[in-house]
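A.B. asks: Structure file upload-v9.pdb (PDB, C-alpha atoms, pLDDT in the B column) right here:
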ATOM      1  CA  LEU G 238     -14.998  -3.361   3.041  1.00 58.00           C
ATOM      2  CA  ALA G 239     -14.318  -4.132   6.691  1.00 64.00           C
ATOM      3  CA  LYS G 240     -13.175  -1.170   8.755  1.00 85.00           C
ATOM      4  CA  THR G 241     -10.076  -1.728  10.858  1.00 92.00           C
ATOM      5  CA  THR G 242      -9.002  -0.146  14.136  1.00 94.00           C
ATOM      6  CA  GLN G 243      -5.452  -0.307  15.417  1.00 96.00           C
ATOM      7  CA  PRO G 244      -3.438   1.737  17.911  1.00 96.00           C
ATOM      8  CA  ILE G 245      -1.990   4.947  16.516  1.00 96.00           C
ATOM      9  CA  SER G 246       1.411   4.350  18.082  1.00 97.00           C
ATOM     10  CA  MET G 247       3.411   1.895  20.181  1.00 97.00           C
ATOM     11  CA  ASP G 248       6.804   1.999  21.847  1.00 97.00           C
ATOM     12  CA  SER G 249       9.115  -0.926  22.463  1.00 97.00           C
ATOM     13  CA  TYR G 250      12.722  -1.738  23.232  1.00 97.00           C
ATOM     14  CA  GLU G 251      15.214  -3.758  21.282  1.00 97.00           C
ATOM     15  CA  GLY G 252      14.948  -7.484  21.864  1.00 96.00           C
ATOM     16  CA  GLN G 253      11.328  -7.419  22.992  1.00 97.00           C
ATOM     17  CA  GLU G 254       8.405  -9.122  21.300  1.00 97.00           C
ATOM     18  CA  VAL G 255       5.871  -6.675  19.935  1.00 98.00           C
ATOM     19  CA  ASN G 256       2.203  -7.486  19.418  1.00 98.00           C
ATOM     20  CA  ILE G 257       0.022  -5.126  17.403  1.00 98.00           C
ATOM     21  CA  THR G 258      -3.689  -5.874  17.539  1.00 97.00           C
ATOM     22  CA  CYS G 259      -6.159  -4.869  14.863  1.00 96.00           C
ATOM     23  CA  SER G 260      -9.940  -4.913  15.330  1.00 95.00           C
ATOM     24  CA  HIS G 261     -12.198  -5.701  12.379  1.00 93.00           C
ATOM     25  CA  ASN G 262     -15.627  -6.448  13.831  1.00 93.00           C
ATOM     26  CA  ASN G 263     -17.492  -6.544  10.509  1.00 91.00           C
ATOM     27  CA  ILE G 264     -15.083  -8.814   8.644  1.00 92.00           C
ATOM     28  CA  ALA G 265     -16.829 -10.765   5.880  1.00 91.00           C
ATOM     29  CA  THR G 266     -16.564 -14.446   5.134  1.00 91.00           C
ATOM     30  CA  ASN G 267     -14.376 -13.960   2.069  1.00 89.00           C
ATOM     31  CA  ASP G 268     -12.092 -11.341   3.641  1.00 91.00           C
ATOM     32  CA  TYR G 269      -8.420 -11.991   4.243  1.00 91.00           C
ATOM     33  CA  ILE G 270      -6.218 -10.123   6.733  1.00 93.00           C
ATOM     34  CA  THR G 271      -3.018  -8.624   5.408  1.00 93.00           C
ATOM     35  CA  TRP G 272      -0.279  -6.607   7.101  1.00 96.00           C
ATOM     36  CA  TYR G 273       2.106  -4.172   5.484  1.00 97.00           C
ATOM     37  CA  GLN G 274       5.141  -2.326   6.855  1.00 97.00           C
ATOM     38  CA  GLN G 275       6.262   1.104   5.720  1.00 97.00           C
ATOM     39  CA  PHE G 276       9.526   2.868   6.462  1.00 95.00           C
ATOM     40  CA  PRO G 277       9.804   6.656   6.036  1.00 90.00           C
ATOM     41  CA  SER G 278      10.146   7.761   2.411  1.00 87.00           C
ATOM     42  CA  GLN G 279       9.572   4.237   1.103  1.00 92.00           C
ATOM     43  CA  GLY G 280       6.612   2.367  -0.306  1.00 95.00           C
ATOM     44  CA  PRO G 281       4.826  -0.186   1.902  1.00 96.00           C
ATOM     45  CA  ARG G 282       6.132  -3.742   2.050  1.00 96.00           C
ATOM     46  CA  PHE G 283       4.011  -6.879   2.403  1.00 94.00           C
ATOM     47  CA  ILE G 284       4.653  -8.709   5.677  1.00 95.00           C
ATOM     48  CA  ILE G 285       2.085 -11.453   6.109  1.00 95.00           C
ATOM     49  CA  GLN G 286      -1.422 -12.566   5.222  1.00 93.00           C
ATOM     50  CA  GLY G 287      -3.878 -14.955   6.792  1.00 93.00           C
ATOM     51  CA  TYR G 288      -7.459 -16.122   6.938  1.00 94.00           C
ATOM     52  CA  LYS G 289      -7.761 -17.937  10.261  1.00 92.00           C
ATOM     53  CA  THR G 290      -5.727 -19.448  13.123  1.00 90.00           C
ATOM     54  CA  LYS G 291      -2.021 -18.789  12.924  1.00 95.00           C
ATOM     55  CA  VAL G 292       0.347 -17.979  10.102  1.00 95.00           C
ATOM     56  CA  THR G 293       4.105 -17.661  10.520  1.00 95.00           C
ATOM     57  CA  ASN G 294       6.863 -16.632   8.161  1.00 94.00           C
ATOM     58  CA  GLU G 295      10.464 -15.582   8.567  1.00 93.00           C
ATOM     59  CA  VAL G 296       9.474 -12.065   9.570  1.00 92.00           C
ATOM     60  CA  ALA G 297       6.367 -12.280  11.748  1.00 96.00           C
ATOM     61  CA  SER G 298       3.443 -14.303  13.026  1.00 97.00           C
ATOM     62  CA  LEU G 299      -0.218 -13.526  12.584  1.00 97.00           C
ATOM     63  CA  PHE G 300      -2.748 -14.757  15.113  1.00 97.00           C
ATOM     64  CA  ILE G 301      -6.416 -14.806  14.191  1.00 97.00           C
ATOM     65  CA  PRO G 302      -9.027 -16.020  16.715  1.00 96.00           C
ATOM     66  CA  ALA G 303     -11.928 -18.199  15.685  1.00 96.00           C
ATOM     67  CA  ASP G 304     -14.402 -15.319  15.374  1.00 95.00           C
ATOM     68  CA  ARG G 305     -11.910 -13.419  13.149  1.00 96.00           C
ATOM     69  CA  LYS G 306     -13.044 -10.092  14.595  1.00 95.00           C
ATOM     70  CA  SER G 307      -9.483  -9.168  15.443  1.00 96.00           C
ATOM     71  CA  SER G 308      -5.957 -10.176  14.562  1.00 97.00           C
ATOM     72  CA  THR G 309      -2.553  -9.738  16.154  1.00 97.00           C
ATOM     73  CA  LEU G 310       0.712  -9.185  14.337  1.00 98.00           C
ATOM     74  CA  SER G 311       3.612 -10.480  16.403  1.00 98.00           C
ATOM     75  CA  LEU G 312       7.167  -9.331  15.752  1.00 97.00           C
ATOM     76  CA  PRO G 313       9.724 -11.406  17.663  1.00 94.00           C
ATOM     77  CA  ARG G 314      12.745  -9.713  19.206  1.00 93.00           C
ATOM     78  CA  VAL G 315      12.454  -6.344  17.476  1.00 97.00           C
ATOM     79  CA  SER G 316      15.461  -4.261  16.539  1.00 96.00           C
ATOM     80  CA  LEU G 317      15.856  -0.556  15.814  1.00 97.00           C
ATOM     81  CA  SER G 318      15.318  -1.291  12.132  1.00 96.00           C
ATOM     82  CA  ASP G 319      11.767  -2.450  12.863  1.00 96.00           C
ATOM     83  CA  THR G 320      10.784   1.157  13.589  1.00 97.00           C
ATOM     84  CA  ALA G 321       8.088   1.748  10.979  1.00 97.00           C
ATOM     85  CA  VAL G 322       4.364   2.139  10.409  1.00 98.00           C
ATOM     86  CA  TYR G 323       2.398  -1.117  10.334  1.00 98.00           C
ATOM     87  CA  TYR G 324      -0.892  -1.329   8.463  1.00 97.00           C
ATOM     88  CA  CYS G 325      -3.641  -3.883   8.967  1.00 95.00           C
ATOM     89  CA  LEU G 326      -5.813  -4.416   5.888  1.00 93.00           C
ATOM     90  CA  VAL G 327      -8.933  -6.505   5.593  1.00 91.00           C
ATOM     91  CA  GLY G 328     -10.713  -7.309   2.367  1.00 88.00           C
ATOM     92  CA  ASP G 329     -11.631  -9.744  -0.346  1.00 84.00           C
ATOM     93  CA  MET G 330      -8.756  -8.907  -2.622  1.00 72.00           C
ATOM     94  CA  TYR G 331      -9.752 -11.454  -5.235  1.00 72.00           C
ATOM     95  CA  ASN G 332     -13.091  -9.743  -5.823  1.00 73.00           C
ATOM     96  CA  GLN G 333     -12.002  -6.163  -5.272  1.00 71.00           C
ATOM     97  CA  GLY G 334      -9.266  -6.259  -7.857  1.00 72.00           C
ATOM     98  CA  GLY G 335      -6.439  -6.294  -5.371  1.00 74.00           C
ATOM     99  CA  LYS G 336      -7.201  -2.717  -4.379  1.00 81.00           C
ATOM    100  CA  LEU G 337      -5.612  -2.173  -0.968  1.00 87.00           C
ATOM    101  CA  ILE G 338      -7.471   0.021   1.514  1.00 86.00           C
ATOM    102  CA  PHE G 339      -5.062   1.416   4.088  1.00 90.00           C
ATOM    103  CA  GLY G 340      -6.023   2.970   7.418  1.00 87.00           C
ATOM    104  CA  GLN G 341      -3.754   5.216   9.462  1.00 86.00           C
ATOM    105  CA  GLY G 342      -1.600   2.377  10.691  1.00 95.00           C
ATOM    106  CA  THR G 343       0.367   1.887  13.896  1.00 97.00           C
ATOM    107  CA  GLU G 344       3.603   3.800  14.250  1.00 97.00           C
ATOM    108  CA  LEU G 345       6.030   1.506  16.077  1.00 98.00           C
ATOM    109  CA  SER G 346       9.046   3.092  17.691  1.00 98.00           C
ATOM    110  CA  VAL G 347      11.805   0.744  18.871  1.00 97.00           C
ATOM    111  CA  LYS G 348      14.257   2.225  21.338  1.00 96.00           C
ATOM    112  CA  PRO G 349      17.706   0.978  22.299  1.00 95.00           C
TER     113      PRO G 349
ATOM    114  CA  ASP E  94      14.280  -8.881 -10.378  1.00 55.00           C
ATOM    115  CA  THR E  95      15.055  -5.187 -10.073  1.00 77.00           C
ATOM    116  CA  GLY E  96      11.852  -4.254  -8.276  1.00 93.00           C
ATOM    117  CA  VAL E  97       9.391  -1.500  -9.092  1.00 96.00           C
ATOM    118  CA  SER E  98      10.991   1.753 -10.196  1.00 96.00           C
ATOM    119  CA  GLN E  99       9.469   5.204 -10.361  1.00 97.00           C
ATOM    120  CA  ASN E 100      10.690   8.368 -12.028  1.00 97.00           C
ATOM    121  CA  PRO E 101      11.246  11.062 -11.123  1.00 97.00           C
ATOM    122  CA  ARG E 102      11.726  10.601  -7.393  1.00 96.00           C
ATOM    123  CA  HIS E 103      10.976  14.231  -6.699  1.00 97.00           C
ATOM    124  CA  LYS E 104       9.100  16.835  -8.681  1.00 98.00           C
ATOM    125  CA  ILE E 105       8.532  20.470  -7.816  1.00 98.00           C
ATOM    126  CA  THR E 106       6.119  22.323 -10.036  1.00 98.00           C
ATOM    127  CA  LYS E 107       4.134  25.518 -10.058  1.00 98.00           C
ATOM    128  CA  ARG E 108       0.390  25.515  -9.720  1.00 98.00           C
ATOM    129  CA  GLY E 109      -1.300  25.155 -13.069  1.00 98.00           C
ATOM    130  CA  GLN E 110       1.491  23.148 -14.702  1.00 98.00           C
ATOM    131  CA  ASN E 111       1.129  19.598 -15.980  1.00 98.00           C
ATOM    132  CA  VAL E 112       3.270  16.787 -14.600  1.00 98.00           C
ATOM    133  CA  THR E 113       3.803  13.189 -15.657  1.00 98.00           C
ATOM    134  CA  PHE E 114       5.180  10.337 -13.585  1.00 98.00           C
ATOM    135  CA  ARG E 115       6.415   6.987 -14.813  1.00 98.00           C
ATOM    136  CA  CYS E 116       6.279   3.573 -13.175  1.00 98.00           C
ATOM    137  CA  ASP E 117       8.133   0.475 -14.343  1.00 97.00           C
ATOM    138  CA  PRO E 118       6.688  -2.619 -12.651  1.00 96.00           C
ATOM    139  CA  ILE E 119       8.331  -5.955 -12.051  1.00 94.00           C
ATOM    140  CA  SER E 120       8.486  -7.504 -15.501  1.00 91.00           C
ATOM    141  CA  GLU E 121       6.257 -10.549 -15.010  1.00 88.00           C
ATOM    142  CA  HIS E 122       3.578  -8.669 -13.060  1.00 91.00           C
ATOM    143  CA  ASN E 123       0.354  -8.131 -14.953  1.00 91.00           C
ATOM    144  CA  ARG E 124      -1.327  -5.848 -12.420  1.00 92.00           C
ATOM    145  CA  LEU E 125      -0.224  -2.278 -11.775  1.00 95.00           C
ATOM    146  CA  TYR E 126      -1.628   0.085  -9.148  1.00 95.00           C
ATOM    147  CA  TRP E 127      -1.331   3.778  -8.384  1.00 96.00           C
ATOM    148  CA  TYR E 128      -1.764   5.167  -4.879  1.00 96.00           C
ATOM    149  CA  ARG E 129      -1.392   8.605  -3.335  1.00 96.00           C
ATOM    150  CA  GLN E 130      -0.122   9.247   0.181  1.00 96.00           C
ATOM    151  CA  THR E 131      -0.132  12.447   2.196  1.00 95.00           C
ATOM    152  CA  LEU E 132       1.791  13.034   5.395  1.00 91.00           C
ATOM    153  CA  GLY E 133       0.558  10.984   8.322  1.00 89.00           C
ATOM    154  CA  GLN E 134      -1.981   9.048   6.283  1.00 92.00           C
ATOM    155  CA  GLY E 135      -1.966   5.624   4.717  1.00 93.00           C
ATOM    156  CA  PRO E 136      -1.810   5.308   0.946  1.00 94.00           C
ATOM    157  CA  GLU E 137      -5.070   5.930  -0.944  1.00 94.00           C
ATOM    158  CA  PHE E 138      -5.962   3.856  -3.982  1.00 93.00           C
ATOM    159  CA  LEU E 139      -6.223   5.800  -7.240  1.00 95.00           C
ATOM    160  CA  THR E 140      -6.449   3.304 -10.086  1.00 94.00           C
ATOM    161  CA  TYR E 141      -5.268  -0.064 -11.325  1.00 93.00           C
ATOM    162  CA  PHE E 142      -4.530  -1.896 -14.554  1.00 93.00           C
ATOM    163  CA  GLN E 143      -4.576  -5.512 -15.503  1.00 91.00           C
ATOM    164  CA  ASN E 144      -2.234  -5.731 -18.458  1.00 92.00           C
ATOM    165  CA  GLU E 145      -3.136  -2.667 -20.559  1.00 93.00           C
ATOM    166  CA  ALA E 146      -6.752  -2.395 -19.377  1.00 93.00           C
ATOM    167  CA  GLN E 147      -7.598   0.180 -16.724  1.00 92.00           C
ATOM    168  CA  LEU E 148     -10.129  -1.717 -14.606  1.00 91.00           C
ATOM    169  CA  GLU E 149     -10.954   0.696 -11.821  1.00 90.00           C
ATOM    170  CA  LYS E 150     -10.581   4.369 -10.989  1.00 92.00           C
ATOM    171  CA  SER E 151     -11.167   5.863  -7.569  1.00 91.00           C
ATOM    172  CA  ARG E 152     -13.582   8.731  -7.140  1.00 87.00           C
ATOM    173  CA  LEU E 153     -10.520  10.547  -5.802  1.00 79.00           C
ATOM    174  CA  LEU E 154      -9.197  10.626  -9.347  1.00 83.00           C
ATOM    175  CA  SER E 155     -10.566  13.854 -10.783  1.00 86.00           C
ATOM    176  CA  ASP E 156     -10.728  14.626 -14.487  1.00 92.00           C
ATOM    177  CA  ARG E 157      -7.328  16.268 -14.189  1.00 95.00           C
ATOM    178  CA  PHE E 158      -5.733  12.894 -13.551  1.00 96.00           C
ATOM    179  CA  SER E 159      -5.153  10.333 -16.264  1.00 95.00           C
ATOM    180  CA  ALA E 160      -3.220   7.096 -16.265  1.00 96.00           C
ATOM    181  CA  GLU E 161      -2.113   4.836 -19.075  1.00 96.00           C
ATOM    182  CA  ARG E 162      -0.356   1.539 -19.406  1.00 96.00           C
ATOM    183  CA  PRO E 163       0.382   1.045 -23.093  1.00 90.00           C
ATOM    184  CA  LYS E 164       1.307  -2.493 -24.072  1.00 86.00           C
ATOM    185  CA  GLY E 165       0.810  -3.630 -20.502  1.00 86.00           C
ATOM    186  CA  SER E 166       4.312  -2.706 -19.421  1.00 91.00           C
ATOM    187  CA  PHE E 167       5.229   0.647 -17.857  1.00 96.00           C
ATOM    188  CA  SER E 168       2.574   3.117 -16.759  1.00 97.00           C
ATOM    189  CA  THR E 169       2.307   6.884 -16.675  1.00 98.00           C
ATOM    190  CA  LEU E 170       0.231   9.070 -14.399  1.00 98.00           C
ATOM    191  CA  GLU E 171      -0.427  12.593 -15.623  1.00 97.00           C
ATOM    192  CA  ILE E 172      -1.828  15.432 -13.582  1.00 97.00           C
ATOM    193  CA  GLN E 173      -3.042  18.436 -15.543  1.00 97.00           C
ATOM    194  CA  ARG E 174      -3.375  21.946 -14.120  1.00 97.00           C
ATOM    195  CA  THR E 175      -1.811  20.958 -10.820  1.00 97.00           C
ATOM    196  CA  GLU E 176      -3.205  22.373  -7.578  1.00 96.00           C
ATOM    197  CA  GLN E 177      -1.538  22.711  -4.201  1.00 96.00           C
ATOM    198  CA  GLY E 178      -3.760  19.919  -2.901  1.00 95.00           C
ATOM    199  CA  ASP E 179      -2.079  17.542  -5.342  1.00 96.00           C
ATOM    200  CA  SER E 180       1.117  17.718  -3.278  1.00 97.00           C
ATOM    201  CA  ALA E 181       1.695  14.163  -2.070  1.00 97.00           C
ATOM    202  CA  MET E 182       3.748  11.023  -2.553  1.00 97.00           C
ATOM    203  CA  TYR E 183       2.549   9.064  -5.578  1.00 98.00           C
ATOM    204  CA  LEU E 184       3.199   5.357  -5.202  1.00 98.00           C
ATOM    205  CA  CYS E 185       3.113   2.655  -7.823  1.00 97.00           C
ATOM    206  CA  ALA E 186       2.790  -1.040  -7.044  1.00 96.00           C
ATOM    207  CA  SER E 187       2.614  -4.203  -9.083  1.00 94.00           C
ATOM    208  CA  SER E 188       1.501  -7.758  -8.522  1.00 92.00           C
ATOM    209  CA  ARG E 189       0.631 -10.948 -10.293  1.00 87.00           C
ATOM    210  CA  PHE E 190      -3.050 -11.557 -10.913  1.00 79.00           C
ATOM    211  CA  GLU E 191      -2.644 -15.148  -9.750  1.00 78.00           C
ATOM    212  CA  THR E 192      -1.788 -14.062  -6.198  1.00 73.00           C
ATOM    213  CA  GLY E 193      -5.065 -12.159  -5.862  1.00 67.00           C
ATOM    214  CA  GLY E 194      -3.408  -8.813  -5.350  1.00 70.00           C
ATOM    215  CA  TYR E 195      -2.707  -9.286  -1.670  1.00 82.00           C
ATOM    216  CA  GLU E 196       1.028  -9.103  -2.069  1.00 88.00           C
ATOM    217  CA  GLN E 197       1.871  -5.954  -3.926  1.00 92.00           C
ATOM    218  CA  TYR E 198       5.378  -4.698  -4.528  1.00 94.00           C
ATOM    219  CA  PHE E 199       5.673  -0.958  -4.140  1.00 96.00           C
ATOM    220  CA  GLY E 200       8.125   1.413  -5.731  1.00 96.00           C
ATOM    221  CA  PRO E 201       9.919   4.197  -3.845  1.00 95.00           C
ATOM    222  CA  GLY E 202       7.350   6.776  -4.905  1.00 97.00           C
ATOM    223  CA  THR E 203       7.443  10.164  -6.595  1.00 97.00           C
ATOM    224  CA  ARG E 204       7.147  13.094  -4.206  1.00 97.00           C
ATOM    225  CA  LEU E 205       5.245  15.961  -5.822  1.00 98.00           C
ATOM    226  CA  THR E 206       5.369  19.466  -4.424  1.00 98.00           C
ATOM    227  CA  VAL E 207       3.099  22.064  -5.994  1.00 98.00           C
ATOM    228  CA  THR E 208       4.064  25.645  -5.173  1.00 97.00           C
TER     229      THR E 208
END
Represent the structure of the file as structure tokens.
C.D. replies:
Amino acid sequence: LAKTTQPISMDSYEGQEVNITCSHNNIATNDYITWYQQFPSQGPRFIIQGYKTKVTNEVASLFIPADRKSSTLSLPRVSLSDTAVYYCLVGDMYNQGGKLIFGQGTELSVKP
Amino acid sequence: DTGVSQNPRHKITKRGQNVTFRCDPISEHNRLYWYRQTLGQGPEFLTYFQNEAQLEKSRLLSDRFSAERPKGSFSTLEIQRTEQGDSAMYLCASSRFETGGYEQYFGPGTRLTVT
């Protein structure tokens, strides 16, 4: 399973775009990149998943360079309610039974 | 779709007692996962089921832990002879096999405190 490295914490202000970068130097060919969000006292929530290039949904964008050794989660115009922990996960979920391996995550604090 | 539910939400028990938690997944989901999370850490995988079959157990899951999913619907996680180190949030998640398990829907968790 590819090991991921992401910043422990980040601060931002309402209305700004936030980019959280995750490093995964030993990502394997069959690995996908998945991001989850977790609010205090709640279970994690799926945000976005990608394999290469760019993926966008109604919540976020995921940028993956050609070498796939890193990825960046982009949250447009954050609000106070985006304060949460964001986890980057890398793995071949199809062949590992969907078992999610979480790291420590990035604690994002959005200030007014 | 009522989401994944877990009961109880909180449990306080004395060391040495047995506890059982229940998870009700989203009805059409055939995969069910259990995770454990301690303060400041990400969730740790414990075990998962596909329908009623338990397909994988983490090495974290000692002999004191047992999980079942009779009839492939709800699941229970039992901890026997609880220890203070078992204090954590126990999370349940479910997904559809067809989506590869990437998108899992988590319940609110059961917070266990062992005194």
A.B. asks: Under the rule of at most 8 Å, produce a per-residue listing of chain G near chain E: chain, number, name, the closest pair of atoms, and the distance in Å, as a Markdown table, using all atoms listed in the file.
C.D. replies:
| residue | atom | partner | partner_atom | distance |
| --- | --- | --- | --- | --- |
| G:Thr271 | CA | E:Tyr195 | CA | 7.1 |
| G:Ser278 | CA | E:Pro201 | CA | 7.2 |
| G:Gln279 | CA | E:Pro201 | CA | 5.0 |
| G:Gly280 | CA | E:Phe199 | CA | 5.2 |
| G:Pro281 | CA | E:Phe199 | CA | 6.1 |
| G:Arg282 | CA | E:Tyr198 | CA | 6.7 |
| G:Phe283 | CA | E:Glu196 | CA | 5.8 |
| G:Gln286 | CA | E:Tyr195 | CA | 7.7 |
| G:Tyr324 | CA | E:Gly135 | CA | 8.0 |
| G:Met330 | CA | E:Gly193 | CA | 5.9 |
| G:Tyr331 | CA | E:Gly193 | CA | 4.8 |
| G:Gly334 | CA | E:Gly194 | CA | 6.9 |
| G:Gly335 | CA | E:Gly194 | CA | 3.9 |
| G:Lys336 | CA | E:Phe138 | CA | 6.7 |
| G:Leu337 | CA | E:Phe138 | CA | 6.7 |
| G:Ile338 | CA | E:Glu137 | CA | 6.8 |
| G:Phe339 | CA | E:Gly135 | CA | 5.3 |
| G:Gly340 | CA | E:Gly135 | CA | 5.5 |
| G:Gln341 | CA | E:Gly135 | CA | 5.1 |
| G:Gly342 | CA | E:Gly135 | CA | 6.8 |
A.B. asks: What would the selection look like, as a PyMOL selection string, if the PyMOL selection byres ((chain G and resi 285) around 9) were run on the coordinates I just shared?
C.D. replies: (chain G and resi 270-273+283-284+286-287+292-294+296-299+310) or (chain E and resi 196)
A.B. asks: Selection in question (the file shown): the PyMOL selection byres ((chain E and resi 118) around 6). Which residues does it include, as a ChimeraX atom specification?
C.D. replies: /E:97,117,119-120,187
A.B. asks: As a check of understanding, name the residues that the PyMOL selection byres ((chain E and resi 155) around 12) selects in the supplied structure, as a PyMOL selection string.
C.D. replies: chain E and resi 139-140+150-154+156-160+171-176+179
A.B. asks: Which value, in Å to one decimal, gives the distance between atom CA of G:Asp268 and atom CA of G:Pro313?
C.D. replies: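 Rounded to one decimal, the two atoms are 25.9 Å apart.
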A.B. asks: Just need the box for stretch 254-270 of chain G, edges along x, y and z, holding every atom the file lists for it with 4 Å tacked onto each side, so centre and edge lengths in Å to one decimal, as AutoDock Vina command-line options.
C.D. replies:
--center_x -4.5 --center_y -9.7 --center_z 11.7 --size_x 33.9 --size_y 17.6 --size_z 27.2
A.B. asks: Just want the 6 Å neighbourhood of stretch 316-323 of chain G, counted on only C-alpha atoms, with same-chain residues fewer than 4 positions away dropped. Output as a list in words.
C.D. replies: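 Residues near the query, excluding close chain neighbours: Glu251, Tyr273, Gln274, Gln275, Phe276, Gly342, Thr343, Glu344, Leu345, Ser346 and Val347 of chain G.
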A.B. asks: Kindly give the distance, in Å, that separates atom CA of G:Thr309 and atom CA of G:Ile245, rounded to a single decimal.
C.D. replies: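 Distance between the two atoms: 14.7 Å.
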A.B. asks: Record the distance separating atom CA of G:Cys325 and atom CA of G:Ser249, expressed in Å with one decimal.
C.D. replies: 18.8 Å
A.B. asks: Just give me the residues with any atom within 8 Å of (10.8, 10.9, -9.9), file coordinates, counting only C-alpha atoms, written as a PyMOL selection string.
C.D. replies: chain E and resi 99-104+114-115+202-204
A.B. asks: Of the residues E:Thr131, E:Leu205, E:His122, E:Gln177, which is the one nearest to E:Gly165, using only C-alpha atoms?
C.D. replies: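 Comparing E:Thr131, E:Leu205, E:His122, E:Gln177 against E:Gly165, the winner is E:His122.
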A.B. asks: Please list as a PyMOL selection string every residue within 6 Å of G:Cys259, counting only C-alpha atoms and excluding residues in the same chain fewer than 2 positions away.
C.D. replies: chain G and resi 242-243+307-308
A.B. asks: Could you give me, as a VMD selection string, the residues within 12 Å of G:Asp304, counting all atoms listed in the file and dropping anything in the same chain fewer than 2 positions from it?
C.D. replies: chain G and resid 260 to 266 288 to 290 300 to 302 306 to 308
A.B. asks: Using the incomplete input, complete stretch 96-101 of chain E to the level of all heavy atoms; output as a JSON list (two decimals), keeping the file's coordinate frame.
C.D. replies:
[["chain", "number", "residue", "atom", "x", "y", "z"],
["E", 96, "GLY", "N", 12.85, -4.94, -9.05],
["E", 96, "GLY", "CA", 11.85, -4.25, -8.28],
["E", 96, "GLY", "C", 11.12, -3.22, -9.09],
["E", 96, "GLY", "O", 11.37, -3.01, -10.28],
["E", 97, "VAL", "N", 10.18, -2.55, -8.45],
["E", 97, "VAL", "CA", 9.39, -1.50, -9.09],
["E", 97, "VAL", "C", 10.18, -0.19, -9.04],
["E", 97, "VAL", "O", 10.68, 0.18, -7.98],
["E", 97, "VAL", "CB", 8.03, -1.33, -8.38],
["E", 97, "VAL", "CG1", 7.24, -0.19, -9.01],
["E", 97, "VAL", "CG2", 7.25, -2.64, -8.41],
["E", 98, "SER", "N", 10.28, 0.46, -10.18],
["E", 98, "SER", "CA", 10.99, 1.75, -10.20],
["E", 98, "SER", "C", 10.04, 2.86, -10.60],
["E", 98, "SER", "O", 9.08, 2.65, -11.36],
["E", 98, "SER", "CB", 12.19, 1.70, -11.14],
["E", 98, "SER", "OG", 11.78, 1.45, -12.46],
["E", 99, "GLN", "N", 10.29, 4.05, -10.07],
["E", 99, "GLN", "CA", 9.47, 5.20, -10.36],
["E", 99, "GLN", "C", 10.37, 6.39, -10.67],
["E", 99, "GLN", "O", 11.39, 6.59, -10.01],
["E", 99, "GLN", "CB", 8.55, 5.55, -9.18],
["E", 99, "GLN", "CG", 7.50, 4.51, -8.92],
["E", 99, "GLN", "CD", 6.51, 4.95, -7.85],
["E", 99, "GLN", "OE1", 6.43, 4.36, -6.78],
["E", 99, "GLN", "NE2", 5.74, 5.98, -8.17],
["E", 100, "ASN", "N", 9.94, 7.17, -11.65],
["E", 100, "ASN", "CA", 10.69, 8.37, -12.03],
["E", 100, "ASN", "C", 9.73, 9.50, -12.35],
["E", 100, "ASN", "O", 8.66, 9.26, -12.92],
["E", 100, "ASN", "CB", 11.56, 8.08, -13.26],
["E", 100, "ASN", "CG", 12.73, 7.19, -12.90],
["E", 100, "ASN", "OD1", 13.66, 7.63, -12.23],
["E", 100, "ASN", "ND2", 12.66, 5.95, -13.31],
["E", 101, "PRO", "N", 10.10, 10.74, -11.97],
["E", 101, "PRO", "CA", 11.25, 11.06, -11.12],
["E", 101, "PRO", "C", 10.97, 10.73, -9.67],
["E", 101, "PRO", "O", 9.86, 10.37, -9.33],
["E", 101, "PRO", "CB", 11.38, 12.57, -11.32],
["E", 101, "PRO", "CG", 9.96, 13.02, -11.53],
["E", 101, "PRO", "CD", 9.30, 11.91, -12.32]]
